[in-house]
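Before any comments, here is the structure.
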Amino acid sequence: MPIAKRRRAMLLAAGVMLPLPVLTGCSSEDDGPPPPAAWDIASAPRTGTTGSGTLRWALDATPATFNTFQKTADTGTQRIAGAVLPSLYTLDARGKPQRNGDYLTGADVTSSEPRQVVVYKLNPKAVWSDGRPIGAEDFQAQWKALRGTDAAYGRARNAGYDRIAKIEPGDKEHEVKVTFAKRYTDWRSLFTPLYPKSVMANPAVFAAPARKGLAVGAGPFMVHQVTDTSVTLVRNPRWWGDRARLSRVLFRTVPAEKRAEALIAGQLDLAEVDAATARRIRAATPDKQAAGAARGSSAPGKAGAPEPSASGTAETAGANGASGTSGDSATDKNRSRTRALSRFTVRKALEPAYTQLALNGTKGPLADDRVRRAVARAIDRKALAKLVLKPMGLPSEPLGNHLLMAGQPGYQDHSGALGDPDANAAQSLLADAGWRAGEAGRQKALGGKTDDRGGRQSAPTATASATESATGSATESATGRPSGAAPAAGDAGRRGRAGKAALVRKQGRPLVLRFVLLDDRSGAQLRTVGERIARMLEKIGVGTEITKVPGESYFRDHIVTGDYDLALYSWPASAYPATDARPIYAKPQPAADGSLMVEQNYTRVGTDQIDQFFDRALSELDGGASRSLVSRADARIWAAAGSIPLYQRPQLVAVRKGLVNAGAFGFSTPRYQDIGFRR
């Protein structure tokens with residue numbers, strides 16, 4: 001699924017700046033092992049699996065479309081496409097593209113001047129499920145649908161496809177020759193997934209809802225049945241590669257808040273879960289959980305575990321049967337639920353996505369880059385990363401890059417372009433921008449009631465959040481409208497803390513920023529982080545008005561529209577940052593109607609220089625040189641202080657013991673044909 005669509009599901013300046021650090025070349029460890037917590041799956045040889053069985057895999061929602069290029073596509077669309085359609089390139093655990101031998105025997109840039117030419121050499125065995133060989137006509141149909149010149153295809157994502165001049169059969173059989181009008185460094189991102197011409201050549205089929213199915217595919221599985229709450233895949237009888245070890249994959253719609261009960265009831269085998277559910281699973285079998293914690297180790301399940309079926313009858317009996325023989329005792333019920341959860345293990349990794357503090361640079365105090373940098377330098381990112389990740393046993397270093405995750409080729413920490421956390425430096429920046437603490441402000445700030453630790457007991461706009469931390473599923477960046485009012489002109493709604501700085505003022509007005517946070521279960525962790533940030537800002541005299549917004553309107557009505565000063569939301573990472581990250585950090589441009597065209601740059605902070613680095617990186621065919629330009633863009637993004645990366649998000653996955661080659665995939669592309677149950 002295009003990364004721009006995934007961003008919709010989740011939810012991932014010029015002037016005085018600190019000197020930028022000297023940028024060195026890309027990492028010499030591009031081909032090294034992945035970093036700790038890059039992935040965590042129960043690895044096992046294919047021969048050690050039963051060769052049959054049904055996997056029940058939880059989705060947040062039933063996909064509205066099976067076309068990953070549609071604006072309604074989501075993570076479920078992506079999962080299904082990965083199992084039923086060609087992926088010319090997959091990603092390894094470091095997020096590095098790897099040629100997929102099931103579809104390609106080779107792919108090379110055969111010319112760069114006067115135009116870039118890429119020749120794809122197709123696997124002669126590769127055929128669609130209707131028996132037709134995969135060929136140039138499929139590439140042509142996808143290019144024409146996605147290049148952005150035909151309004152019948154709506155707002156389909158055209159990144160990269162709009163740089164192609166023509167596609168034709170190659171000089172040899174099973175070759176496809178793609179000639180570019182503009183050089184394109186991320187050419188490996190194209191044609192993954194690849195759809196048959198029967199889908200891409202017809203706008204009506206292109207836009208068809210998921211309920212109509214996907215008649216033709218070319219993966220180890222194919223779509224068999226679609227209902228309102230599930231999608232069933234079965235083996236593709238024309239698949240030429242390694243035979244799928246599972247008979248079926250049942251993608252079942254189970255909202256995040258219902259995952260724990262579905263696991264207990266034996267209705268799922270694989271599901272991303274929140275931290276609270278992960279703790280319950282780990283507590284059910286603490287010793288065995290520790291034994292299977294090593295990255296890539298086999299799950300510590302018993303050999304010969306019962307093969308799950310789509311109905312889950314056997315597991316349901318095991319989960320609920322004991323309760324029936326013990327009466328209505330709460331103790332017996334709890335024991336039964338614990339036994340049910342002990343059938344799972346928790347796989348954990350750092351998700352290829354990050355949580356950021358967004359600073360709206362369009363209006364108000366944050367339009368001044370000095371104020372933004374002051375806010376950024378007041379934030380202790382290490383403390384926030386530790387708060388979120390350490391309790392889960394994950395590496396708790398803050399993220400130092402907007403465009404690459406730790407371990408990706410070319411990753412470097414550029415946070416030095418902004419400066420280390422420093423309250424004195426932050427206050428100096430505020431003073432330089434005209435925001436200074438006055439005596440009246442100091443007395444008012446210190447007048448609030450405090451607890452015995454010098455902390456605020458309560459604030460009218462910010463209640464203490466639950467200690468339970470959700471993992472931050474795609475709904476972290478769900479979309480929404482505010483329920484609270486804008487900050488008052490004075491200090492109303494804020495109580496000072498003993499020993500904290502007074503609210504700074506400018507022309508008698510205190511500096512109070514409107515902090516918009518998500519108000520639902522998935523946002524519990526973000527609220528905890530947000531309230532910690534608010535306390536950090538108090539130390540430099542910056543107040544916050546916390547507004548909690550329901551998930552259904554958070555992103556749509558606040559982040560997209562710019563109705564906030566501060567916000568927390570997440571972006572997914574990309575193996576192709578020159579392409580996928582550019583719209584997030586592109587300098588907003590005025591539209592003909594006077595509005596501001598921001599693409600996906602919801603902080604509204606950008607510079608011409610950042611855009612130029614991205615443009616040059618896109619056209620640079622030397623991989624090292626392109627990454628160097630991306631690196632320079634990231635340093636400038638840090639210096640502009642519109643977005644402050646905090647940490648990579650945790651990925652926690654409940655996996656039934658005995659299920660192998662599945663878990664917390666991180667960046668790596670699942671190899672669906674290898675997933676199975678132990679013998």
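To be explicit about the labels: the chains of the structure tokens are called A, B, and onward in the order shown, and within each one the residues are counted from 1, while ligands get numbers from 1 in the order they are shown.
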DSSP alpha helix (DSSP H) residues within range 38-167 of chain A, listed as a ChimeraX atom specification: /A:75-84,136-146
Give me the residues of range 335-404 of chain A that have any atom at most 9 Å from an atom of range 512-520 of chain A; for each, the nearest atom pair and the distance in Å, rounded to one decimal. Use only C-alpha atoms, sort by chain and number, and format it as CSV.
residue,atom,partner,partner_atom,distance
A:Gly364,CA,A:Leu513,CA,8.9
A:Pro365,CA,A:Leu513,CA,8.2
A:Leu366,CA,A:Leu513,CA,8.7
Against range 252-269 of chain A, which residues of range 335-376 of chain A fall within 12 Å? For each one I want the closest pair of atoms and the distance in Å (one decimal), counting only C-alpha atoms, rows by chain and increasing residue number, as a tab-separated table.
residue	atom	partner	partner_atom	distance
A:Arg335	CA	A:Ile264	CA	11.3
A:Ser336	CA	A:Ile264	CA	8.7
A:Arg337	CA	A:Ile264	CA	6.0
A:Thr338	CA	A:Ile264	CA	8.2
A:Arg339	CA	A:Ile264	CA	8.5
A:Ala340	CA	A:Ile264	CA	5.1
A:Leu341	CA	A:Ile264	CA	5.9
A:Ser342	CA	A:Ile264	CA	9.3
A:Arg343	CA	A:Ile264	CA	9.1
A:Phe344	CA	A:Asp269	CA	8.2
A:Thr345	CA	A:Asp269	CA	10.4
A:Val346	CA	A:Asp269	CA	11.6
For the selection just defined, write its residues with N, CA, C and O atoms to a file, as a PDB file, in the first residue's frame.
ATOM      1  N   ARG A 335      -8.665 -17.868  36.330  1.00  0.00           N
ATOM      2  CA  ARG A 335      -7.706 -18.921  35.996  1.00  0.00           C
ATOM      3  C   ARG A 335      -7.904 -19.394  34.567  1.00  0.00           C
ATOM      4  O   ARG A 335      -6.949 -19.650  33.835  1.00  0.00           O
ATOM      5  N   SER A 336      -9.166 -19.512  34.168  1.00  0.00           N
ATOM      6  CA  SER A 336      -9.471 -19.941  32.811  1.00  0.00           C
ATOM      7  C   SER A 336      -8.948 -18.940  31.789  1.00  0.00           C
ATOM      8  O   SER A 336      -8.363 -19.310  30.767  1.00  0.00           O
ATOM      9  N   ARG A 337      -9.127 -17.665  32.076  1.00  0.00           N
ATOM     10  CA  ARG A 337      -8.669 -16.630  31.158  1.00  0.00           C
ATOM     11  C   ARG A 337      -7.141 -16.608  31.098  1.00  0.00           C
ATOM     12  O   ARG A 337      -6.558 -16.401  30.034  1.00  0.00           O
ATOM     13  N   THR A 338      -6.518 -16.843  32.251  1.00  0.00           N
ATOM     14  CA  THR A 338      -5.057 -16.885  32.266  1.00  0.00           C
ATOM     15  C   THR A 338      -4.545 -18.064  31.456  1.00  0.00           C
ATOM     16  O   THR A 338      -3.573 -17.942  30.698  1.00  0.00           O
ATOM     17  N   ARG A 339      -5.196 -19.229  31.597  1.00  0.00           N
ATOM     18  CA  ARG A 339      -4.790 -20.396  30.809  1.00  0.00           C
ATOM     19  C   ARG A 339      -4.943 -20.119  29.324  1.00  0.00           C
ATOM     20  O   ARG A 339      -4.108 -20.530  28.514  1.00  0.00           O
ATOM     21  N   ALA A 340      -6.016 -19.416  28.960  1.00  0.00           N
ATOM     22  CA  ALA A 340      -6.218 -19.102  27.548  1.00  0.00           C
ATOM     23  C   ALA A 340      -5.100 -18.206  27.021  1.00  0.00           C
ATOM     24  O   ALA A 340      -4.570 -18.429  25.928  1.00  0.00           O
ATOM     25  N   LEU A 341      -4.716 -17.200  27.789  1.00  0.00           N
ATOM     26  CA  LEU A 341      -3.654 -16.295  27.350  1.00  0.00           C
ATOM     27  C   LEU A 341      -2.293 -16.967  27.366  1.00  0.00           C
ATOM     28  O   LEU A 341      -1.387 -16.548  26.625  1.00  0.00           O
ATOM     29  N   SER A 342      -2.112 -18.017  28.177  1.00  0.00           N
ATOM     30  CA  SER A 342      -0.823 -18.706  28.222  1.00  0.00           C
ATOM     31  C   SER A 342      -0.537 -19.456  26.934  1.00  0.00           C
ATOM     32  O   SER A 342       0.580 -19.933  26.722  1.00  0.00           O
ATOM     33  N   ARG A 343      -1.521 -19.569  26.068  1.00  0.00           N
ATOM     34  CA  ARG A 343      -1.313 -20.213  24.771  1.00  0.00           C
ATOM     35  C   ARG A 343      -0.650 -19.282  23.770  1.00  0.00           C
ATOM     36  O   ARG A 343      -0.408 -19.671  22.630  1.00  0.00           O
ATOM     37  N   PHE A 344      -0.371 -18.049  24.200  1.00  0.00           N
ATOM     38  CA  PHE A 344       0.236 -17.062  23.300  1.00  0.00           C
ATOM     39  C   PHE A 344       1.594 -16.622  23.833  1.00  0.00           C
ATOM     40  O   PHE A 344       1.889 -16.755  25.024  1.00  0.00           O
ATOM     41  N   THR A 345       2.376 -16.085  22.945  1.00  0.00           N
ATOM     42  CA  THR A 345       3.615 -15.418  23.318  1.00  0.00           C
ATOM     43  C   THR A 345       3.583 -14.022  22.720  1.00  0.00           C
ATOM     44  O   THR A 345       2.826 -13.759  21.773  1.00  0.00           O
ATOM     45  N   VAL A 346       4.373 -13.117  23.274  1.00  0.00           N
ATOM     46  CA  VAL A 346       4.406 -11.738  22.773  1.00  0.00           C
ATOM     47  C   VAL A 346       5.703 -11.524  22.003  1.00  0.00           C
ATOM     48  O   VAL A 346       6.794 -11.752  22.526  1.00  0.00           O
TER      49      VAL A 346
END
Å distance separating CA of Gly541 in chain A from CA of Ile637 in chain A, one decimal place: 25.3 Å
Residue contacts of Pro196 in chain A (6 Å, only C-alpha atoms) excluding same-chain residues fewer than 2 positions away, as a list in words: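 Using only C-alpha atoms, the neighbours found are Asp138, Ser198 and Val199 of chain A.
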Contact residues around range 377-382 of chain A with only C-alpha atoms at 9 Å, ignoring same-chain residues under 4 positions, as a compact mmCIF listing (two decimals) with C-alpha atoms, in the first residue's frame:
# COMPACT_ATOMS: atom_id res chain seq x y z
CA ARG A 372 9.80 26.66 18.09
CA ARG A 373 13.45 25.98 18.83
CA LYS A 386 12.48 5.71 28.19
CA LEU A 387 8.96 6.36 29.49
CA SER A 396 14.83 3.31 24.63
CA GLU A 397 17.00 5.68 22.63
CA PRO A 398 15.21 8.67 21.10
CA LEU A 399 15.00 8.82 17.33
CA LEU A 418 18.80 21.83 16.86
CA GLY A 419 20.82 21.43 20.03
CA ASP A 420 20.65 19.32 23.17
CA PRO A 421 17.95 19.88 25.81
CA ASP A 422 18.90 23.05 27.68
CA ALA A 423 16.42 25.10 29.71
CA ASN A 424 18.71 28.12 29.85
CA ALA A 425 19.25 28.11 26.10
CA ALA A 426 15.50 27.72 25.59
CA GLN A 427 14.75 30.71 27.82
CA ILE A 533 5.86 17.39 27.70
CA MET A 536 8.79 20.11 30.66
CA LEU A 537 7.56 23.28 28.99
CA LYS A 539 10.14 24.74 33.36
CA ILE A 540 10.92 27.37 30.73
CA ILE A 644 10.52 16.85 16.78
CA PRO A 645 10.87 13.05 16.50
CA LEU A 646 10.58 11.45 19.91
CA TYR A 647 10.83 7.67 19.55
Range 571-677 of chain A: residues DSSP assigns to strand (DSSP E or B), reported as a VMD selection string: chain A and resid 571 to 572 589 to 590 596 to 597 643 to 656 659 to 660 663 to 664 676 to 677
Nearest candidate to Gln78 in chain A (options A:Ala567, A:Ala64, A:Leu503, A:Ala42; using only C-alpha atoms):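 Nearest candidate to Gln78 in chain A out of A:Ala567, A:Ala64, A:Leu503, A:Ala42: A:Ala64.
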Please report, as CSV, each residue of range 127-168 of chain A lying at most 10 Å from range 86-107 of chain A, together with the nearest pair of atoms and the separation in Å rounded to one decimal; use only C-alpha atoms, and order rows by chain and ascending residue number.
residue,atom,partner,partner_atom,distance
A:Val127,CA,A:Tyr103,CA,9.2
A:Trp128,CA,A:Pro86,CA,9.3
A:Ile134,CA,A:Tyr103,CA,8.9
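Surrounding range 401-403 of chain A within 7 Å are Leu399, Met405, Gln412, Asp413, His414, Ala573, Pro577, Ala581, Asp634 and Pro645 of chain A, with only C-alpha atoms counted and residues fewer than 2 positions along the same chain left out.
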Long-range neighbours of range 559-566 of chain A as number ranges by chain, 8 Å cut-off, only C-alpha atoms, 4 positions minimum in chain: A: 357-362, 366, 479-480, 513-516, 554-555, 600, 602-603
Nearest to Gly623 in chain A by atom-to-atom distance, counting only C-alpha atoms, from A:Gly663, A:Gly676, A:Gly642, A:Pro409: A:Pro409
Separation of CA of Ile281 in chain A from CA of Asn334 in chain A, in Å and rounded to one decimal: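 CA of Asn334 in chain A lies 12.9 Å from CA of Ile281 in chain A.
Minimum distance to Val249 in chain A across A:Trp571, A:Phe221, A:Trp39, A:Tyr576 (counting only C-alpha atoms) occurs at A:Phe221.
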Test item: residues at most 6 Å from Arg163 in chain A, only C-alpha atoms, excluding those fewer than 2 positions along its chain, as JSON, numbers by chain: {"A": [160, 161, 180, 181, 182]}
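Closest approach to Glu545 in chain A among A:Leu511, A:Gly213, A:Lys144, A:Ala431: A:Leu511, based on only C-alpha atoms.
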